[in-house]
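Source file upload05.txt; content: compact mmCIF, C-alpha atoms and all ligand atoms.
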# COMPACT_ATOMS: atom_id res chain seq x y z
CA MET A 3 -14.02 21.32 4.71
CA GLU A 4 -10.44 21.95 5.74
CA TYR A 5 -8.56 25.25 5.97
CA PRO A 6 -5.31 25.98 7.79
CA MET A 7 -6.17 26.12 11.53
CA CYS A 8 -9.89 26.02 10.75
CA THR A 9 -12.29 23.19 9.91
CA LEU A 10 -15.95 23.55 8.92
CA ILE A 11 -18.17 20.62 9.90
CA GLU A 12 -21.72 20.19 8.73
CA GLY A 13 -24.04 19.33 11.65
CA GLY A 14 -26.99 16.99 12.00
CA GLU A 15 -25.12 13.76 11.40
CA THR A 16 -24.24 10.77 13.57
CA LEU A 17 -21.49 11.10 16.20
CA HIS A 18 -19.39 8.57 14.32
CA SER A 19 -19.58 10.46 11.05
CA ILE A 20 -18.78 13.79 12.74
CA LEU A 21 -15.77 12.14 14.42
CA GLY A 22 -14.66 10.76 11.07
CA THR A 23 -14.85 14.23 9.53
CA MET A 24 -12.93 15.72 12.48
CA PHE A 25 -10.11 13.19 12.25
CA HIS A 26 -9.86 13.63 8.49
CA GLU A 27 -9.97 17.43 8.35
CA PHE A 28 -7.64 17.77 11.34
CA ALA A 29 -5.07 15.51 9.65
CA HIS A 30 -5.09 17.98 6.75
CA GLU A 31 -3.31 20.44 9.07
CA TRP A 32 -0.24 18.32 8.26
CA PHE A 33 -1.10 17.12 4.72
CA GLN A 34 -1.30 19.66 2.84
CA PHE A 35 -1.13 22.74 5.04
CA MET A 36 2.26 22.26 6.70
CA LEU A 37 3.44 19.89 3.96
CA ALA A 38 2.14 22.09 1.18
CA THR A 39 1.83 19.74 -1.79
CA ASN A 40 0.07 20.82 -4.97
CA GLU A 41 -3.56 19.69 -4.51
CA SER A 42 -4.33 19.73 -8.22
CA GLU A 43 -1.29 17.92 -9.45
CA HIS A 44 -0.88 15.42 -6.59
CA SER A 45 -4.24 15.13 -4.82
CA TRP A 46 -3.20 11.67 -3.53
CA MET A 47 -0.45 13.33 -1.47
CA ASP A 48 -2.94 15.29 0.62
CA GLU A 49 -6.17 13.25 0.55
CA GLY A 50 -4.36 9.90 0.55
CA PHE A 51 -1.83 10.70 3.27
CA THR A 52 -4.60 12.34 5.32
CA THR A 53 -6.78 9.23 4.96
CA TYR A 54 -3.91 6.98 6.01
CA ILE A 55 -2.87 8.95 9.09
CA SER A 56 -6.43 9.77 10.23
CA THR A 57 -7.41 6.07 10.04
CA LEU A 58 -4.50 5.20 12.33
CA ALA A 59 -5.32 8.09 14.69
CA SER A 60 -9.01 7.25 14.77
CA ASN A 61 -8.30 3.58 15.58
CA GLU A 62 -6.00 4.69 18.40
CA ILE A 63 -8.29 7.30 19.92
CA THR A 64 -11.73 5.71 19.57
CA LYS A 65 -10.36 2.23 20.50
CA ARG A 66 -12.71 0.78 17.91
CA ASN A 67 -9.91 -1.67 17.27
CA GLU A 68 -10.44 -1.80 13.53
CA LYS A 69 -7.54 -3.19 11.60
CA GLY A 70 -5.64 -0.21 10.25
CA PHE A 71 -5.67 -1.29 6.64
CA SER A 72 -7.21 -4.34 5.10
CA PRO A 73 -9.09 -5.40 1.96
CA LYS A 74 -12.09 -3.57 3.48
CA ASN A 75 -10.27 -0.27 3.01
CA TYR A 76 -9.19 -1.34 -0.48
CA GLY A 77 -12.75 -2.05 -1.68
CA GLY A 78 -13.21 1.21 -3.59
CA TYR A 79 -10.04 0.55 -5.57
CA PHE A 80 -11.08 -3.02 -6.44
CA TYR A 81 -14.44 -1.62 -7.58
CA LEU A 82 -12.65 0.76 -10.01
CA VAL A 83 -10.49 -2.03 -11.40
CA GLU A 84 -13.40 -4.46 -11.83
CA ASN A 85 -15.41 -1.83 -13.71
CA GLY A 86 -12.61 -0.51 -15.90
CA LEU A 87 -12.79 2.93 -14.26
CA ASP A 88 -9.27 3.18 -12.85
CA GLU A 89 -7.10 6.05 -14.14
CA PRO A 90 -3.50 7.00 -13.29
CA LEU A 91 -3.06 9.21 -10.19
CA THR A 92 -1.15 11.68 -12.31
CA THR A 93 -4.46 12.63 -13.99
CA HIS A 94 -5.54 16.22 -13.28
CA PRO A 95 -8.65 16.18 -10.99
CA ASP A 96 -10.71 18.04 -13.60
CA ARG A 97 -9.80 15.52 -16.30
CA TYR A 98 -10.92 12.22 -14.78
CA ASN A 99 -13.65 10.50 -16.81
CA THR A 100 -15.77 9.93 -13.69
CA ASN A 101 -16.04 11.56 -10.26
CA VAL A 102 -15.79 8.18 -8.55
CA ALA A 103 -12.45 7.51 -10.24
CA TYR A 104 -11.11 10.83 -8.95
CA SER A 105 -12.24 10.37 -5.35
CA VAL A 106 -11.25 6.72 -5.00
CA ALA A 107 -7.89 7.49 -6.63
CA SER A 108 -7.10 10.43 -4.35
CA TYR A 109 -8.39 9.06 -1.03
CA THR A 110 -8.22 5.28 -1.32
CA LYS A 111 -5.41 4.67 -3.81
CA GLY A 112 -3.46 7.52 -2.18
CA SER A 113 -3.71 5.93 1.27
CA MET A 114 -2.91 2.53 -0.24
CA PHE A 115 0.33 4.06 -1.52
CA LEU A 116 1.41 4.23 2.14
CA SER A 117 -0.13 0.97 3.38
CA GLN A 118 1.56 -0.95 0.56
CA LEU A 119 4.80 0.87 1.29
CA ASN A 120 4.44 -0.58 4.79
CA TYR A 121 4.32 -4.05 3.16
CA ILE A 122 7.35 -3.30 0.93
CA ILE A 123 9.76 -1.67 3.39
CA GLY A 124 8.27 -2.48 6.84
CA GLU A 125 6.16 -0.57 9.35
CA ASP A 126 9.08 0.77 11.43
CA ASN A 127 10.69 2.31 8.34
CA LEU A 128 7.40 3.90 7.29
CA LYS A 129 6.94 5.57 10.69
CA ILE A 130 10.44 7.07 10.53
CA ILE A 131 9.86 8.18 6.93
CA LEU A 132 6.64 10.08 7.76
CA LYS A 133 8.39 11.96 10.58
CA LYS A 134 11.46 12.71 8.47
CA TYR A 135 9.20 13.86 5.61
CA PHE A 136 7.57 16.30 8.03
CA ASP A 137 10.91 17.51 9.44
CA GLU A 138 12.48 18.13 6.04
CA PHE A 139 9.48 19.53 4.19
CA LYS A 140 7.29 21.37 6.71
CA PHE A 141 6.34 24.81 5.34
CA LYS A 142 7.71 23.81 1.93
CA HIS A 143 6.19 22.39 -1.27
CA PRO A 144 7.24 18.75 -1.52
CA THR A 145 6.75 16.71 -4.70
CA PRO A 146 6.29 12.93 -5.12
CA ASN A 147 10.02 12.62 -5.81
CA ASP A 148 10.87 14.42 -2.55
CA PHE A 149 8.81 11.88 -0.61
CA ILE A 150 10.19 8.83 -2.40
CA ARG A 151 13.79 10.04 -1.94
CA ILE A 152 13.24 10.21 1.83
CA ALA A 153 11.69 6.74 1.75
CA GLU A 154 14.72 5.45 -0.17
CA LYS A 155 17.24 7.11 2.14
CA VAL A 156 15.57 5.82 5.32
CA SER A 157 14.92 2.27 4.08
CA GLY A 158 18.03 1.83 1.92
CA ILE A 159 15.69 0.36 -0.73
CA GLN A 160 15.20 1.64 -4.32
CA LEU A 161 11.55 2.71 -4.72
CA ARG A 162 11.28 4.74 -7.94
CA TRP A 163 9.65 1.70 -9.60
CA TYR A 164 6.89 1.73 -6.96
CA LEU A 165 6.13 5.43 -7.42
CA ASN A 166 6.00 4.90 -11.17
CA GLU A 167 3.78 1.78 -11.16
CA TRP A 168 1.28 2.87 -8.49
CA ILE A 169 0.99 6.56 -9.39
CA GLU A 170 1.76 6.89 -13.09
CA THR A 171 0.12 3.73 -14.47
CA THR A 172 -3.00 1.63 -13.91
CA HIS A 173 -1.07 -1.62 -13.83
CA THR A 174 -2.60 -4.07 -11.37
CA ILE A 175 -1.11 -6.57 -8.93
CA ASP A 176 -2.00 -10.25 -9.18
CA TYR A 177 0.30 -12.95 -7.91
CA ALA A 178 -0.65 -16.62 -7.90
CA ILE A 179 0.56 -19.98 -6.67
CA ALA A 180 1.08 -21.71 -9.99
CA LYS A 181 2.32 -25.12 -8.88
CA VAL A 182 3.25 -27.00 -5.72
CA GLU A 183 5.08 -30.23 -6.42
CA ASP A 184 6.69 -32.23 -3.66
CA LYS A 185 8.88 -29.63 -1.88
CA SER A 186 8.98 -27.18 -4.79
CA ILE A 187 6.75 -24.12 -5.13
CA THR A 188 6.25 -22.08 -8.31
CA LEU A 189 4.70 -18.62 -8.09
CA ALA A 190 3.38 -16.61 -11.03
CA ARG A 191 3.18 -12.88 -11.65
CA VAL A 192 -0.16 -12.63 -13.46
CA GLY A 193 -0.62 -8.85 -13.18
CA LYS A 194 1.72 -6.30 -14.73
CA MET A 195 2.76 -4.53 -11.54
CA PRO A 196 5.70 -6.18 -9.76
CA MET A 197 5.92 -6.47 -5.96
CA PRO A 198 8.16 -8.19 -3.43
CA ILE A 199 6.36 -11.31 -2.20
CA ASP A 200 5.79 -12.63 1.33
CA VAL A 201 4.92 -16.32 1.40
CA SER A 202 3.71 -18.31 4.43
CA ILE A 203 4.14 -22.07 4.39
CA VAL A 204 2.66 -24.58 6.82
CA TYR A 205 4.36 -27.99 6.78
CA VAL A 206 2.75 -31.37 7.27
CA ASP A 207 4.58 -31.73 10.62
CA GLY A 208 2.64 -28.69 11.92
CA THR A 209 5.53 -26.20 11.83
CA SER A 210 5.46 -23.12 9.62
CA GLU A 211 7.89 -20.77 7.93
CA GLU A 212 7.67 -17.24 6.52
CA PHE A 213 9.58 -16.23 3.38
CA THR A 214 10.24 -12.92 1.64
CA ILE A 215 11.19 -12.67 -2.03
CA PRO A 216 12.60 -9.18 -2.78
CA LEU A 217 12.40 -7.65 -6.24
CA SER A 218 15.86 -7.33 -7.74
CA MET A 219 15.23 -3.66 -8.61
CA MET A 220 14.73 -2.89 -4.89
CA TYR A 221 18.41 -3.62 -4.18
CA GLY A 222 17.44 -4.64 -0.67
CA HIS A 223 14.60 -5.91 1.49
CA LYS A 224 12.58 -4.86 4.52
CA PRO A 225 13.85 -5.66 8.03
CA THR A 226 12.15 -8.97 8.84
CA ASN A 227 12.58 -12.30 10.61
CA ASN A 228 11.32 -14.02 7.43
CA THR A 229 13.72 -16.23 5.48
CA ILE A 230 14.99 -14.10 2.58
CA LEU A 231 15.02 -15.89 -0.76
CA LYS A 232 16.87 -14.90 -3.95
CA ASP A 233 15.57 -11.83 -5.81
CA TRP A 234 12.77 -12.01 -8.37
CA ALA A 235 13.62 -10.09 -11.55
CA TRP A 236 10.35 -8.32 -12.50
CA ALA A 237 10.37 -9.43 -16.16
CA ASN A 238 10.17 -13.13 -15.25
CA PRO A 239 6.55 -14.28 -15.03
CA ASN A 240 7.45 -17.26 -12.82
CA TYR A 241 9.58 -17.95 -9.77
CA THR A 242 10.40 -21.35 -8.25
CA PHE A 243 11.91 -22.14 -4.87
CA ASN A 244 12.34 -25.21 -2.72
CA VAL A 245 11.75 -25.95 0.94
CA ASN A 246 13.07 -28.75 3.15
CA LYS A 247 9.87 -30.28 4.49
CA GLU A 248 6.62 -31.69 3.15
CA ILE A 249 4.14 -28.90 2.39
CA LYS A 250 0.61 -28.67 3.78
CA SER A 251 -0.39 -25.16 2.68
CA VAL A 252 1.03 -22.06 1.01
CA GLU A 253 -0.27 -18.49 1.12
CA ILE A 254 0.89 -15.29 -0.60
CA ASP A 255 0.75 -12.11 1.53
CA LYS A 256 -1.08 -13.11 4.69
CA SER A 257 -1.04 -9.42 5.77
CA MET A 258 -3.33 -8.57 2.83
CA LEU A 259 -1.61 -5.18 2.59
CA MET A 260 -0.72 -5.85 -1.04
CA ALA A 261 -3.57 -4.82 -3.37
CA ASP A 262 -3.78 -8.20 -5.11
CA ILE A 263 -6.86 -7.95 -7.36
CA ASP A 264 -7.50 -11.71 -7.32
CA ARG A 265 -6.83 -13.40 -4.00
CA SER A 266 -8.51 -16.64 -5.08
CA ASN A 267 -5.17 -17.85 -6.50
CA ASN A 268 -3.09 -16.80 -3.45
CA LYS A 269 -3.70 -19.95 -1.43
CA PHE A 270 -2.78 -23.58 -1.88
CA GLU A 271 -4.02 -26.33 0.46
CA LYS A 272 -3.01 -29.93 0.08
ZN ZN A 301 -9.62 15.63 2.71
Can you give me the file's structure in the form of structure tokens?
Amino acid sequence: MEYPMCTLIEGGETLHSILGTMFHEFAHEWFQFMLATNESEHSWMDEGFTTYISTLASNEITKRNEKGFSPKNYGGYFYLVENGLDEPLTTHPDRYNTNVAYSVASYTKGSMFLSQLNYIIGEDNLKIILKKYFDEFKFKHPTPNDFIRIAEKVSGIQLRWYLNEWIETTHTIDYAIAKVEDKSITLARVGKMPMPIDVSIVYVDGTSEEFTIPLSMMYGHKPTNNTILKDWAWANPNYTFNVNKEIKSVEIDKSMLMADIDRSNNKFEK
């Protein structure tokens, strides 16, 4: 259990589990002791941010070389969605229908807020944002809007939509490859939550190309070497674009940072 400058750890467990507790509770010294968010109203801002940063720290220090964030870390969230247990993160902790929905929301969905932000605006931006968030709000009481404003100022990308969809609703993300015909690719937004889309294409000649489709309401895109395509307006369920060579395979979000609830429709192989 975490307190400012003091952590209580229950003994008698494995070294790995004690280390995990240490990393987690120590990270709370930042989230929410120095960055004193309201634990009842925004539990995802302390448990989620703590989970995110302690996973990165633990990977770095223990050299266990786990991938920072992957579908493995998203499993709890997918479990909630599959079982109809997911509730908005704006729910008061005492008012969740189930305990599992509260804990997965705060820890897992809260950390996914940051790992998906990495996908949306890029890892370098996210690192700067976390430091700037600390600099501007240490020993204060930041709110979700305070954080998202810093993210917007650093990245130059509009992000209010993301805060709204991920925190205030239970809309889910599901993008699919609807049709590949000759050199034309049609994608579909099956889920309600919109996201910018990274697409990897391998051509028959063995070369490959990476594309990014920004959402029009972002008014920008992450810094990337990917080919930037025209914006996707969120209301449109479909999006078609063309390439110059014969297509061998297409994949949506190779990074798997986007919490797509059905990845079976993310790949096309000729
Ligand atoms: Zn915690």
Could you give me, as a VMD selection string, every polymer residue with an atom at most 8 Å away from an atom of ligand ZN 301 (chain A), counting all atoms listed in the file? chain A and resid 3 to 4 26 to 27 30 48 to 49 52 to 53 109
Quick one: everything within 12 Å of Lys129 in chain A, counting all atoms listed in the file, minus sequence neighbours fewer than 2 positions away in the same chain. Send it as a PDB file with C-alpha atoms, keeping the file's coordinate frame.
ATOM      1  CA  TYR A  54      -3.910   6.980   6.010  1.00  0.00           C
ATOM      2  CA  ILE A  55      -2.870   8.950   9.090  1.00  0.00           C
ATOM      3  CA  LEU A  58      -4.500   5.200  12.330  1.00  0.00           C
ATOM      4  CA  LEU A 116       1.410   4.230   2.140  1.00  0.00           C
ATOM      5  CA  SER A 117      -0.130   0.970   3.380  1.00  0.00           C
ATOM      6  CA  LEU A 119       4.800   0.870   1.290  1.00  0.00           C
ATOM      7  CA  ASN A 120       4.440  -0.580   4.790  1.00  0.00           C
ATOM      8  CA  ILE A 123       9.760  -1.670   3.390  1.00  0.00           C
ATOM      9  CA  GLY A 124       8.270  -2.480   6.840  1.00  0.00           C
ATOM     10  CA  GLU A 125       6.160  -0.570   9.350  1.00  0.00           C
ATOM     11  CA  ASP A 126       9.080   0.770  11.430  1.00  0.00           C
ATOM     12  CA  ASN A 127      10.690   2.310   8.340  1.00  0.00           C
ATOM     13  CA  ILE A 131       9.860   8.180   6.930  1.00  0.00           C
ATOM     14  CA  LEU A 132       6.640  10.080   7.760  1.00  0.00           C
ATOM     15  CA  LYS A 133       8.390  11.960  10.580  1.00  0.00           C
ATOM     16  CA  LYS A 134      11.460  12.710   8.470  1.00  0.00           C
ATOM     17  CA  TYR A 135       9.200  13.860   5.610  1.00  0.00           C
ATOM     18  CA  PHE A 136       7.570  16.300   8.030  1.00  0.00           C
ATOM     19  CA  ILE A 152      13.240  10.210   1.830  1.00  0.00           C
ATOM     20  CA  ALA A 153      11.690   6.740   1.750  1.00  0.00           C
ATOM     21  CA  VAL A 156      15.570   5.820   5.320  1.00  0.00           C
ATOM     22  CA  SER A 157      14.920   2.270   4.080  1.00  0.00           C
TER      23      SER A 157
END
Contacts of range 144-151 of chain A within 9 Å, all atoms listed in the file, excl. fewer than 6 positions in-chain, as a ChimeraX atom specification: /A:37-40,44,47,131-132,135,160-162,165
Write out as a CSV table (one decimal) with C-alpha atoms, keeping the file's coordinate frame the residues lying within 9 Å of His94 in chain A, counting all atoms listed in the file and excluding same-chain residues fewer than 3 positions away.
chain,number,residue,atom,x,y,z
A,42,SER,CA,-4.3,19.7,-8.2
A,43,GLU,CA,-1.3,17.9,-9.4
A,44,HIS,CA,-0.9,15.4,-6.6
A,45,SER,CA,-4.2,15.1,-4.8
A,91,LEU,CA,-3.1,9.2,-10.2
A,97,ARG,CA,-9.8,15.5,-16.3
A,98,TYR,CA,-10.9,12.2,-14.8
A,104,TYR,CA,-11.1,10.8,-9.0
Looking at A:Thr92, A:Ala107, A:Tyr76, A:Asn166, which one is nearest to Ile263 in chain A, with distances taken over only C-alpha atoms? A:Tyr76
What is the CA of Val102 in chain A-CA of Leu82 in chain A distance in Å, reported with one decimal?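 Interatomic distance, CA of Val102 in chain A to CA of Leu82 in chain A: 8.2 Å.
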Point out the residue among A:Gly112, A:Pro95, A:Gly22, A:Gly208 with the least atom-to-atom distance to Gly78 in chain A, counting all atoms listed in the file.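 For Gly78 in chain A, the nearest of the candidates is A:Gly112.
Closest to Lys256 in chain A among A:Met220, A:Ile20, A:Ile199, A:Met114 is A:Ile199, based on all atoms listed in the file.
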Selection: 8 Å around Ser251 in chain A, only C-alpha atoms, excl. self and same-chain fewer than 6 positions, as a PDB file with C-alpha atoms, keeping the file's coordinate frame:
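Final output, around-v7.pdb:
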ATOM      1  CA  ILE A 203       4.140 -22.070   4.390  1.00  0.00           C
ATOM      2  CA  VAL A 204       2.660 -24.580   6.820  1.00  0.00           C
ATOM      3  CA  TYR A 205       4.360 -27.990   6.780  1.00  0.00           C
ATOM      4  CA  LYS A 269      -3.700 -19.950  -1.430  1.00  0.00           C
ATOM      5  CA  PHE A 270      -2.780 -23.580  -1.880  1.00  0.00           C
ATOM      6  CA  GLU A 271      -4.020 -26.330   0.460  1.00  0.00           C
ATOM      7  CA  LYS A 272      -3.010 -29.930   0.080  1.00  0.00           C
TER       8      LYS A 272
END
Which distance in Å separates CA of Leu231 in chain A and CA of Ile130 in chain A, to one decimal? 26.0 Å
Would you mind reading off the distance between CA of Gln118 in chain A and CA of Ile179 in chain A, one decimal, in Å?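 Interatomic distance, CA of Gln118 in chain A to CA of Ile179 in chain A: 20.4 Å.
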How big is the axis-aligned box, and where does its centre sit, when it encloses all atoms of range 227-240 of chain A listed in the file and has 6 Å added on every side, reported in Å to one decimal as JSON?
{"center_x": 11.7, "center_y": -12.8, "center_z": -2.8, "size_x": 22.3, "size_y": 20.9, "size_z": 38.8}
Select, from A:Met36, A:Ser108, A:Ala59, A:Thr188, the residue with the minimum atom-to-atom distance to Asp137 in chain A, counting all atoms listed in the file.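 Counting all atoms listed in the file, the residue closest to Asp137 in chain A is A:Met36.
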The residue from A:Tyr121, A:Val245, A:Ser218, A:Thr171 with the smallest atom-to-atom distance to Asp200 in chain A, counting all atoms listed in the file, is A:Tyr121
Go through A:Ser105, A:His18, A:Asp88, A:Pro6 one by one, measure the shortest atom-to-atom distance of each to Thr64 in chain A using all atoms listed in the file, and give the residue with the smallest value.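 Comparing A:Ser105, A:His18, A:Asp88, A:Pro6 against Thr64 in chain A, the winner is A:His18.
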Please return as a CSV table (one decimal) with C-alpha atoms, in the coordinates of the input every residue within 12 Å of (3.7, -19.3, -8.9), taking into account only C-alpha atoms and the file's own coordinates.
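selection-v7.csv, freshly written:
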chain,number,residue,atom,x,y,z
A,176,ASP,CA,-2.0,-10.2,-9.2
A,177,TYR,CA,0.3,-13.0,-7.9
A,178,ALA,CA,-0.6,-16.6,-7.9
A,179,ILE,CA,0.6,-20.0,-6.7
A,180,ALA,CA,1.1,-21.7,-10.0
A,181,LYS,CA,2.3,-25.1,-8.9
A,182,VAL,CA,3.2,-27.0,-5.7
A,183,GLU,CA,5.1,-30.2,-6.4
A,186,SER,CA,9.0,-27.2,-4.8
A,187,ILE,CA,6.8,-24.1,-5.1
A,188,THR,CA,6.2,-22.1,-8.3
A,189,LEU,CA,4.7,-18.6,-8.1
A,190,ALA,CA,3.4,-16.6,-11.0
A,191,ARG,CA,3.2,-12.9,-11.6
A,192,VAL,CA,-0.2,-12.6,-13.5
A,199,ILE,CA,6.4,-11.3,-2.2
A,201,VAL,CA,4.9,-16.3,1.4
A,234,TRP,CA,12.8,-12.0,-8.4
A,238,ASN,CA,10.2,-13.1,-15.2
A,239,PRO,CA,6.6,-14.3,-15.0
A,240,ASN,CA,7.4,-17.3,-12.8
A,241,TYR,CA,9.6,-18.0,-9.8
A,242,THR,CA,10.4,-21.4,-8.2
A,243,PHE,CA,11.9,-22.1,-4.9
A,252,VAL,CA,1.0,-22.1,1.0
A,253,GLU,CA,-0.3,-18.5,1.1
A,254,ILE,CA,0.9,-15.3,-0.6
A,267,ASN,CA,-5.2,-17.8,-6.5
A,268,ASN,CA,-3.1,-16.8,-3.4
A,269,LYS,CA,-3.7,-20.0,-1.4
A,270,PHE,CA,-2.8,-23.6,-1.9
Using only C-alpha atoms, give me every residue within 10 Å of (12.5, -12.7, 11.2) in file coordinates, as a list in words.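 The residues that fall inside the cut-off are Glu211, Glu212, Phe213, Thr214, Pro225, Thr226, Asn227, Asn228, Thr229 and Ile230 of chain A.
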